[in-house]
Each structure stands twice: as structure tokens, then as C-alpha cells.
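Below: one structure, written as C-alpha cells.
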Number of protein chains: 2
Amino acid sequence: MTDTATKILDVGQELIQTRGYSAMSFQHIAGRVGIKKPSIIHHFPSKATLGVAIIRRYRDTFTSQLDAIKKNPQTSAWEALDFYFSPYLHFAQTPDTVCLCGALAGEIPALPEEMRLEVKQFMEDHQSWLEGILQNGRRNGELTFSETPARLARMLFNTLQGTLLVKRSTDDLSQLNDVIKVIKRMLK
Amino acid sequence: MTDTATKILDVGQELIQTRGYSAMSFQHIAGRVGIKKPSIIHHFPSKATLGVAIIRRYRDTFTSQLDAIKKNPQTSAWEALDFYFSPYLHFAQTPDTVCLCGALAGEIPALPEEMRLEVKQFMEDHQSWLEGILQNGRRNGELTFSETPARLARMLFNTLQGTLLVKRSTDDLSQLNDVIKVIKRMLK
DNA sequence: GTCTATACAAAGATAGAC
DNA sequence: GTCTATCTTTGTATAGAC
């Protein structure tokens with residue numbers, strides 16, 4: 001992966017997270033990377049290819065981090081959850097930024113098929129990781145709740161994504177903090 | 001409001017809810033209404049004007065219905081909540097459809113300022129309506145919860161919006177039903 | 001690996017005939 | 001109120017020089 005290719009991925013990802021995939025253009029990327037439009041094609045032959053590469057890199061980063069946490073028996077359920085919340089808190093403080101896959105979910109019908117599959121995989125990975133954390137946490141007595149872990153995990157995930165979505169229009173950055181507090185109390 | 005103008009609003013709204021504002025074009029609308037592109041301009045002088053008209057109509061429909069419920073002392077908190085959930089359940093069963101303002105929230109930075117304000121107003125109206133329902137419900141003993149009504153209302157609203165968003169990529173239509181069950185148990 | 005030049009399609013919008 | 005014709009901009013993508 002060359003330096004330029006990495007920069008293209010960085011800028012492209014930021015544009016999707018702030019303005020959406022439809023509004024992300026080679027023109028804008030080129031301008032901010034400091035090259036011309038057709039130079040991007042040399043690294044990524046089409047917009048769909050670039051889109052897939054951006055999601056896959058994003059997914060991979062999460063996958064390796066979440067796997068590491070899950071495999072470490074030292075990590076408590078609360079620590080795991082706090083780790084999971086941290087990127088959302090980061091996004092919440094950055095104006096106009098949402099989760100990459102949350103942004104893409106908003107325009108699913110406008111995405112090429114390969115990208116849709118990547119987004120779906122992201123959602124399922126995260127919901128299933130959360131389910132595991134909830135399940136273990138309840139088993140060892142750390143967490144308390146009466147729902148099934150699967151149902152609760154999906155609700156938590158959807159809530160986090162929805163809060164990022166809504167905070168962007170209300171510009172109320174404290175919403176996510178409040179929501180995380182409510183979530184934590186639900187699990188005590 | 002002429003017949004054609006209404007049709008334009010209908011088709012435009014559906015396109016935003018399924019494909020997003022950026023992907024909604026005069027071309028597509030004209031094709032489905034059965035007129036030519038420039039004829040739309042006669043009814044709505046610009047895309048932004050059309051966008052604002054679509055949101056405002058959507059907001060007004062909700063506002064009058066939610067107001068009626070709030071003012072009717074016969075309505076229990078549970079009935080009010082069930083009424084509020086019903087459009088979400090409807091959207092959840094319609095493939096690729098989300099709440100109009102949820103869809104627009106996904107592309108806030110790409111929207112003209114006037115539209116952004118309308119979306120923000122929608123979010124605030126709904127969160128504040130829910131807050132009122134929760135507050136009254138707790139006061140008269142129907143509902144039980146320990147959060148502040150404002151915080152809980154925002155969380156519920158964000159959860160519903162997030163669930164519609166996520167179901168679109170996972171194609172798992174049962175998610176919303178499950179989430180509503182969890183919400184209801186939280187309030188008992 | 002990056003450039004200029006260009007092809008081609010689709011977008012929002014305007015002018016003016018009917 | 002709707003049309004045809006046209007303008008302008010912006011988008012993705014290609015060809016070929018350097």
C-alpha cells in the first residue's frame with residue numbers, strides 16, 4: 001500500500017463519514033490529497049472499488065481490536081463495553097461525523113452490491129460481538145438483565161448508531177454521553 | 001395545492017426515504033409522475049424548495065396527530081406509545097424505507113440550510129413529545145423508570161431511528177419488533 | 001505514478017413556444 | 001401547466017504523453 005493510496009483511503013473515508021458516499025467524489029478527494037482526478041483511478045480503478053476498500057479497512061481495524069478484547073480473559077465486561085463505546089464518543093465529539101457504516105446504511109439503496117455486503121457484515125459482526133460480551137458478563141455475574149443477549153445487543157448497537165445519526169442534526173453533542181449512562185444503568 | 005404538486009411531493013418523499021436526498025433527482029420524479037423535468041420547476045422552483053416542502057408536510061402530519069393524542073385526556077401512556085411506534089413498524093415492514101428525517105439526518109452536511117433546520121425541528125418535536133408522554137405516564141403511575149424523562153425520551157427516539165437505519169442493511173425486519181419489546185419492558 | 005485532454009452521462013436550472 | 005431545447009456544472013471513466 002503506497003503512501004498516496006493510504007491518503008486516498010483516509011480522505012475518502014472522512015468524506016463518507018461527513019458527507020456520504022453519493023457526495024464523495026474523485027474531485028474532492030483529489031483536491032485534498034493534492035493530486036488530479038485521474039490519478040486516483042491508478043490506485044482504485046472505480047468508485048465502487050474505492051468504497052469497498054474503505055469499508056474493508058475500517059472493518060479490519062475493528063475486527064482485530066474486538067477479537068483481541070474477546071480473547072483476553074483479563075478483560076471485564078465493563079471494560080469491554082467501555083472500549084466499545086470509545087469510538088462512538090470520539091465520533092460524537094467530531095462535528096458532522098458518524099460511524100462509517102452508519103453513514104453508508106443511510107444510503108444502502110444507492111450503493112453497489114459489494115459495498116452493501118460489507119456494510120451488512122459490519123453490522124452483524126458488531127451485534128454478535130456485543131452479544132458475546134453481554135452473555136459472558138451475565139454468566140460471571142458482572143451484568144444483570146432479563147432480555148436475551150442477542151436482543152439486547154442489537155438494541156444497544158442500534159441505539160448507538162441512531163444517537164450518532166440524530167446528534168448530527170440536533171448538534172447536541174451531549175446526547176451520546178447521556179445514552180451511554182442509560183445503557184450502563186440498564187445492565188446493572 | 002394542485003394534483004400534480006401533490007404527486008411530486010409523494011414521489012419525492014418516497015425517493016428520499018428509499019434512496020436519499022442526493023439521489024433524488026427531478027429526472028426520477030418526473031418519470032414516475034408522468035411529466036417532464038422542467039414541469040416540476042413550475043411547481044417547485046428549486047430542489048431545495050421541494051425538499052423543504054416535503055419535510056414540512058411530513059412534520060405537519062405528525063404534529064397534528066401527536067398534538068391530538070397529547071390533548072386527549074382519555075389516552076393512556078401505553079396507547080400513546082403504541083400509536084407512536086406504529087409508523088416505525090410500518091416503515092420496518094417496507095423494504096429499504098426509513099423515516100424521512102432519519103434519511104435526511106444521514107446526509108445533513110449535504111443539505112441546504114433551510115432543510116437542516118426542518119430536520120432539526122422534527123427531531124426536537126418528537127423527543128419533546130415523547131418526554132411529555134413519559135412524564136405524565138410516570139406521574140399517574142402507569143410507567144416506571146428511574147432516568148429523567150428527557151434522557152429516556154431521547155434514547156428511545158434514537159433507538160427507533162437507529163433500528164430503522166440498521167435494518168435496512170441487515171434486511172432483518174424483526175429487529176424493530178424486538179426493540180419495541182425491550183423498550184416496553186424498560187418502562188414497566 | 002501523475003499528468004493533460006477528453007468522452008460521456010446526469011444533474012439542476014432557464015428561455016420561450018404552445 | 002407542460003412542453004422542447006439548451007446551458008452549465010459536476011460526476012465517473014478512458015487514452016495516451018511524460
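Chain identifiers are assigned as A, B, and so on, following the order in which chains appear in the C-alpha cells; residues are numbered from 1 within each chain, and ligands are numbered from 1 in order of appearance.
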- Task: Excluding region 57-63 of chain A and any residue of its chain fewer than 4 positions from it, enumerate the residues within 7 Å of it, using only C-alpha atoms (C1' of nucleotides), and give them as an NGL selection string.
- Result: :A and (53 or 67 or 122)
- Give me, as a ChimeraX atom specification, the contact residues of chain A against chain C at a cut-off of 10 Å, counting only C-alpha atoms (C1' of nucleotides). /A:4,35-40,42-43
Just the residues within 8 Å of Ile55 (chain A), please, counting only C-alpha atoms (C1' of nucleotides), with nothing from its chain fewer than 3 positions along; format it as a compact mmCIF listing (two decimals) with all heavy atoms, in the first residue's frame.
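Contents of the output file result.txt:
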```
# COMPACT_ATOMS: atom_id res chain seq x y z
N GLY A 51 -14.72 2.41 -2.58
CA GLY A 51 -15.69 2.28 -1.49
C GLY A 51 -15.49 0.99 -0.71
O GLY A 51 -15.45 0.99 0.52
N VAL A 52 -15.35 -0.10 -1.43
CA VAL A 52 -15.16 -1.40 -0.78
C VAL A 52 -13.87 -1.39 0.03
O VAL A 52 -13.83 -1.87 1.18
CB VAL A 52 -15.14 -2.54 -1.81
CG1 VAL A 52 -14.68 -3.84 -1.18
CG2 VAL A 52 -16.52 -2.72 -2.43
N TYR A 58 -11.79 -0.33 7.41
CA TYR A 58 -12.49 0.06 8.63
C TYR A 58 -12.93 -1.17 9.43
O TYR A 58 -12.73 -1.25 10.63
CB TYR A 58 -13.70 0.90 8.22
CG TYR A 58 -14.49 1.59 9.30
CD1 TYR A 58 -14.06 2.79 9.85
CD2 TYR A 58 -15.71 1.08 9.74
CE1 TYR A 58 -14.81 3.45 10.82
CE2 TYR A 58 -16.46 1.73 10.69
CZ TYR A 58 -16.01 2.92 11.22
OH TYR A 58 -16.77 3.58 12.16
N ARG A 59 -13.51 -2.12 8.72
CA ARG A 59 -13.93 -3.37 9.36
C ARG A 59 -12.76 -4.10 9.99
O ARG A 59 -12.84 -4.59 11.11
CB ARG A 59 -14.58 -4.29 8.32
CG ARG A 59 -16.00 -3.94 8.00
CD ARG A 59 -16.86 -5.19 7.80
NE ARG A 59 -16.45 -6.03 6.70
CZ ARG A 59 -16.19 -7.33 6.82
NH1 ARG A 59 -16.26 -7.92 8.00
NH2 ARG A 59 -15.85 -8.02 5.76
N LEU A 100 -18.71 5.14 9.98
CA LEU A 100 -18.66 4.93 8.53
C LEU A 100 -19.83 4.10 8.05
O LEU A 100 -20.49 4.44 7.06
CB LEU A 100 -17.34 4.25 8.15
CG LEU A 100 -17.19 3.87 6.68
CD1 LEU A 100 -17.00 5.11 5.81
CD2 LEU A 100 -16.05 2.89 6.47
N CYS A 101 -20.09 3.00 8.75
CA CYS A 101 -21.14 2.10 8.28
C CYS A 101 -22.52 2.63 8.60
O CYS A 101 -23.49 2.31 7.91
CB CYS A 101 -20.91 0.70 8.85
SG CYS A 101 -19.49 -0.09 8.07
N MET A 115 -20.57 -3.25 -1.83
CA MET A 115 -20.48 -2.40 -0.64
C MET A 115 -21.59 -2.74 0.35
O MET A 115 -21.36 -2.75 1.57
CB MET A 115 -20.56 -0.92 -1.03
CG MET A 115 -19.32 -0.41 -1.72
SD MET A 115 -19.40 1.37 -2.06
CE MET A 115 -19.33 2.04 -0.38
N GLU A 118 -20.56 -5.57 2.52
CA GLU A 118 -19.58 -5.18 3.54
C GLU A 118 -20.25 -4.49 4.72
O GLU A 118 -19.92 -4.74 5.88
CB GLU A 118 -18.53 -4.24 2.93
CG GLU A 118 -17.58 -4.90 1.94
CD GLU A 118 -16.57 -5.81 2.62
OE1 GLU A 118 -16.27 -5.61 3.80
OE2 GLU A 118 -16.09 -6.74 1.94
N VAL A 119 -21.19 -3.61 4.42
CA VAL A 119 -21.89 -2.90 5.49
C VAL A 119 -22.68 -3.89 6.35
O VAL A 119 -22.63 -3.83 7.58
CB VAL A 119 -22.84 -1.83 4.90
CG1 VAL A 119 -23.68 -1.19 6.01
CG2 VAL A 119 -22.05 -0.76 4.16
```
For chain D against region 46-49 of chain A, with a cut-off of 12 Å and counting only C-alpha atoms (C1' of nucleotides), what is the closest atom pair and its distance in Å to one decimal for every residue that makes the cut, ordered by chain and number, as CSV?
```
residue,atom,partner,partner_atom,distance
D:DG11,C1',A:Lys47,CA,11.0
D:DT12,C1',A:Lys47,CA,7.8
D:DA13,C1',A:Ser46,CA,8.0
D:DT14,C1',A:Ser46,CA,11.7
```
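One distance worth recording is that between CA of Gln127 (chain B) and CA of Asn158 (chain B), which is 8.9 Å.
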At a cut-off of 7 Å, using only C-alpha atoms (C1' of nucleotides), what residues contact region 13-26 of chain A? Leave out same-chain residues fewer than 6 positions from it and give the result as a CSV table (one decimal) with C-alpha atoms, in the first residue's frame.
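Saved file around_27.csv follows:
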```csv
chain,number,residue,atom,x,y,z
A,37,LYS,CA,-8.7,13.3,-10.5
A,54,ILE,CA,-12.5,1.9,2.6
A,96,ASP,CA,-20.9,16.1,11.5
A,97,THR,CA,-19.1,12.8,11.8
A,98,VAL,CA,-20.9,9.4,12.2
A,99,CYS,CA,-19.8,5.8,12.1
A,100,LEU,CA,-18.7,4.9,8.5
A,103,ALA,CA,-23.4,6.7,7.2
A,104,LEU,CA,-23.4,4.0,4.5
B,22,SER,CA,-28.7,13.4,-3.0
B,107,GLU,CA,-26.8,13.4,4.8
B,109,PRO,CA,-23.9,18.2,5.6
B,110,ALA,CA,-25.1,17.8,2.1
```
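Comparing B:Phe83, B:Tyr88, B:Phe145, B:Trp78 by their smallest distance to chain A, the closest is B:Phe145 (using only C-alpha atoms).
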- Note on the structure: Between A:Ile69, A:Ile29, A:Leu81, A:Met186, smallest distance to chain B by only C-alpha atoms belongs to A:Met186
Could you give me, as a tab-separated table, every chain D residue with an atom at most 12 Å from chain B, plus its closest atom pair and distance in Å to one decimal, counting only C-alpha atoms (C1' of nucleotides), rows ordered by chain then number?
```
residue	atom	partner	partner_atom	distance
D:DG1	C1'	B:Ser39	CA	7.6
D:DT2	C1'	B:Ser39	CA	6.0
D:DC3	C1'	B:Lys36	CA	7.8
D:DT4	C1'	B:Pro38	CA	10.1
D:DA5	C1'	B:Pro38	CA	11.3
```
How would the residues just chosen look if you wrote them out with N, CA and C atoms (P, O5', C5', C4', C3', O3' and C1' of nucleotides) as a short mmCIF file (atom, residue, chain, number, x, y, z; two decimals), in the first residue's frame?
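Ended up saving to result09.cif:
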```
data_model
loop_
_atom_site.label_atom_id
_atom_site.label_comp_id
_atom_site.auth_asym_id
_atom_site.auth_seq_id
_atom_site.Cartn_x
_atom_site.Cartn_y
_atom_site.Cartn_z
P DG D 1 -51.37 25.69 -12.54
"O5'" DG D 1 -50.91 24.92 -13.89
"C5'" DG D 1 -51.79 23.95 -14.38
"C4'" DG D 1 -51.06 23.25 -15.49
"C3'" DG D 1 -49.78 22.54 -15.06
"O3'" DG D 1 -49.88 21.23 -15.57
"C1'" DG D 1 -49.35 23.92 -16.93
P DT D 2 -48.86 20.09 -15.23
"O5'" DT D 2 -48.04 19.85 -16.57
"C5'" DT D 2 -48.76 19.55 -17.76
"C4'" DT D 2 -47.88 19.83 -18.95
"C3'" DT D 2 -46.48 19.21 -18.89
"O3'" DT D 2 -46.43 18.05 -19.71
"C1'" DT D 2 -46.49 21.39 -19.86
P DC D 3 -45.01 17.30 -19.95
"O5'" DC D 3 -44.40 18.05 -21.21
"C5'" DC D 3 -45.05 17.93 -22.48
"C4'" DC D 3 -44.45 18.92 -23.46
"C3'" DC D 3 -42.96 18.71 -23.75
"O3'" DC D 3 -42.80 17.80 -24.82
"C1'" DC D 3 -43.51 21.04 -23.45
P DT D 4 -41.34 17.17 -25.05
"O5'" DT D 4 -40.59 18.32 -25.87
"C5'" DT D 4 -41.13 18.83 -27.10
"C4'" DT D 4 -40.17 19.88 -27.66
"C3'" DT D 4 -38.74 19.38 -27.86
"O3'" DT D 4 -38.22 19.91 -29.08
"C1'" DT D 4 -38.74 21.22 -26.37
P DA D 5 -36.77 19.40 -29.62
"O5'" DA D 5 -35.83 20.63 -29.22
"C5'" DA D 5 -36.34 21.96 -29.23
"C4'" DA D 5 -35.29 22.89 -28.65
"C3'" DA D 5 -33.85 22.35 -28.72
"O3'" DA D 5 -33.00 23.37 -29.22
"C1'" DA D 5 -34.37 22.94 -26.49
#
```
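In this model, the gap between CA of Ala68 (chain A) and CA of Gln121 (chain A) comes to 18.7 Å.
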